[in-house]
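To start, the structure itself, in structure tokens.
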Amino acid sequence: MTINKQLVLTYIYLLVYILLSSGVILYNKWVLSPKYFNFPLPITLTMIHMGFSGLVAFLLIRVFKVVSPVKMTFEIYATCVIPISAFFASSLWFGNTAYLFISVAFIQMLKALMPVATFVMAVICGTDKLRCDIFLNMLLVSVGVVVSSYGEIHFNIVGTVYQVTGIFAEALRLVLTQVLLQKKGLTLNPITSLYYIAPCSFVFLFVPWYLLEKPEIEVSQIQFNFWIFFSNALCALALNFSIFLVIGRTGAVTIRVAGVLKDWILIALSTLIFPESTITTLNIVGYAIALCGVVMYNYLKIKDGRAVQLPVDGVSDRIAKELKMEKKSSDLYVPDDIAKNSGGKGTRNGSPDSIVDEEAPFIPSSRVSHLGRSPLSSYSA
């Protein structure tokens, strides 16, 4: 029996992604929770992540020259990078703050609202059209989340508002990425995204940090362990690159399945690691309803994408093209030198429907209107 090394490598990448994504979320919860490490300063933690990511990106681009910086004009930076960074910083701030009030399991259930938020923002911004079938799916997802919330034993309105606000801020960031950056033809890979967006997000976070957390740091006994925060930021950075590797080797369907698997694993792990994360039957029923809506939504978007790209050919031709499309749907970034060498035929079809992970939201996207559930889902910081 011959072992396909490429297939094994792909599964290893998927496993690494699932472990890192789940690990970062659980790590953030452990650091922020007053019951454990007791560092209840979500803005400070987010700023540490942004500072570390920006520094690593600077070293990779300017010192080691692993990649070349893109041609960034002041106009593009002022009109595109700054507003995107502002909503990015907001989504991280609100998402991390939610960890202080609600459980990881309930947060994952609330994240099922991501396609709803993104669809609403896309319709408002004109990048998607209001359709009856999509609207019904969004309604089903919303009903599921409401049922799950009703079954939450430790329901906290403050934490829920923080998390939902963070979801809508992230959805708006995704839409703005399409409307502002990609229409200007600017291509950002994970490293250049970190290089431009992380420092700007750090600056935006400084204002609420100075007003809300700086006074608390001055008057309270806050413990600071260098290795804890270094390893935490390193895990978040590694997650960024693991996602980049995963979407370069798999298709949209595979990524969605991995994302759903990760969510269920994370919910189960959180109940074991954090005893206060109690799951009720109503929680599971509500989340299952929401997940059904998400799966149907993803199916419709994949079907729409194939209908647009596939002409009326013979059955054999259509099957062959569908197999190729599974790979193309996951192509995220083609460097300029590769595109030129291929005669300008490089593709860049990375889309939020392929992967949107809050722990690593720097990954660029092009078909924002096709976003499904944050399938692979807060850099929360």
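The chains in the structure tokens are called A, B, ... from first to last as shown; in each chain the residues are counted from 1, and the ligands are counted from 1 in the order shown.
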* To do: Might you pull out every residue within 8 Å of Val285 of chain A, with only C-alpha atoms counted and same-chain residues fewer than 3 positions away left off, and present them as a ChimeraX atom specification?
  => /A:144,147-148,281-282,288-289
* Asked: Which parts of segment 122-227 of chain A does DSSP call helix (DSSP H, G or I) when run on the backbone here, written out as a ChimeraX atom specification?
  -> /A:122-125,132-150,157-184,190-219,226-227
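Of note, atom CA of Val56 of chain A and atom CA of Ala238 of chain A are spaced 11.2 Å apart.
Rounded to one decimal, atom CA of Phe202 of chain A and atom CA of Gln108 of chain A lie 25.4 Å from each other.
Each of A:Ser193, A:Ser201, A:Ser242, A:Ser277 was compared to Ile61 of chain A using only C-alpha atoms, and A:Ser193 turns out to be the nearest.
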Excluding Leu186 of chain A and its own-chain neighbours fewer than 6 positions away, which residues fall within 9 Å of it when counting only C-alpha atoms? Please give them as a tab-separated table (two decimals) with N, CA, C and O atoms, in the first residue's frame.
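The resulting file, selection-v6.tsv, is reproduced below:
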```tsv
chain	number	residue	atom	x	y	z
A	70	VAL	N	4.98	45.68	-0.22
A	70	VAL	CA	4.19	46.11	-1.37
A	70	VAL	C	4.35	47.62	-1.55
A	70	VAL	O	4.84	48.33	-0.66
A	71	LYS	N	3.93	48.10	-2.70
A	71	LYS	CA	4.00	49.54	-2.96
A	71	LYS	C	2.82	50.22	-2.26
A	71	LYS	O	1.70	50.23	-2.75
A	72	MET	N	3.11	50.77	-1.10
A	72	MET	CA	2.07	51.38	-0.27
A	72	MET	C	2.18	52.89	-0.34
A	72	MET	O	3.16	53.48	0.10
A	76	ILE	N	-3.39	55.14	-0.08
A	76	ILE	CA	-3.91	53.79	0.22
A	76	ILE	C	-3.86	53.53	1.72
A	76	ILE	O	-4.80	52.97	2.30
```
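Distance check against Ile25 of chain A using only C-alpha atoms: of A:Val219, A:Leu239, A:Val8, A:Leu188, the minimum falls on A:Leu239.
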* Close residues, segment 49-53 of chain A itself excluded, 10 Å, only C-alpha atoms, min 3 positions apart in chain, as a PyMOL selection string -> chain A and resi 43-46+56-58+89+191+193-195+197-203+205+229-230+232-237+240+379-381
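The shortest atom-to-atom distance to Val161 of chain A, with only C-alpha atoms taken into account, belongs to A:Gly95 out of A:Gly259, A:Gly95, A:Pro69, A:Pro40.
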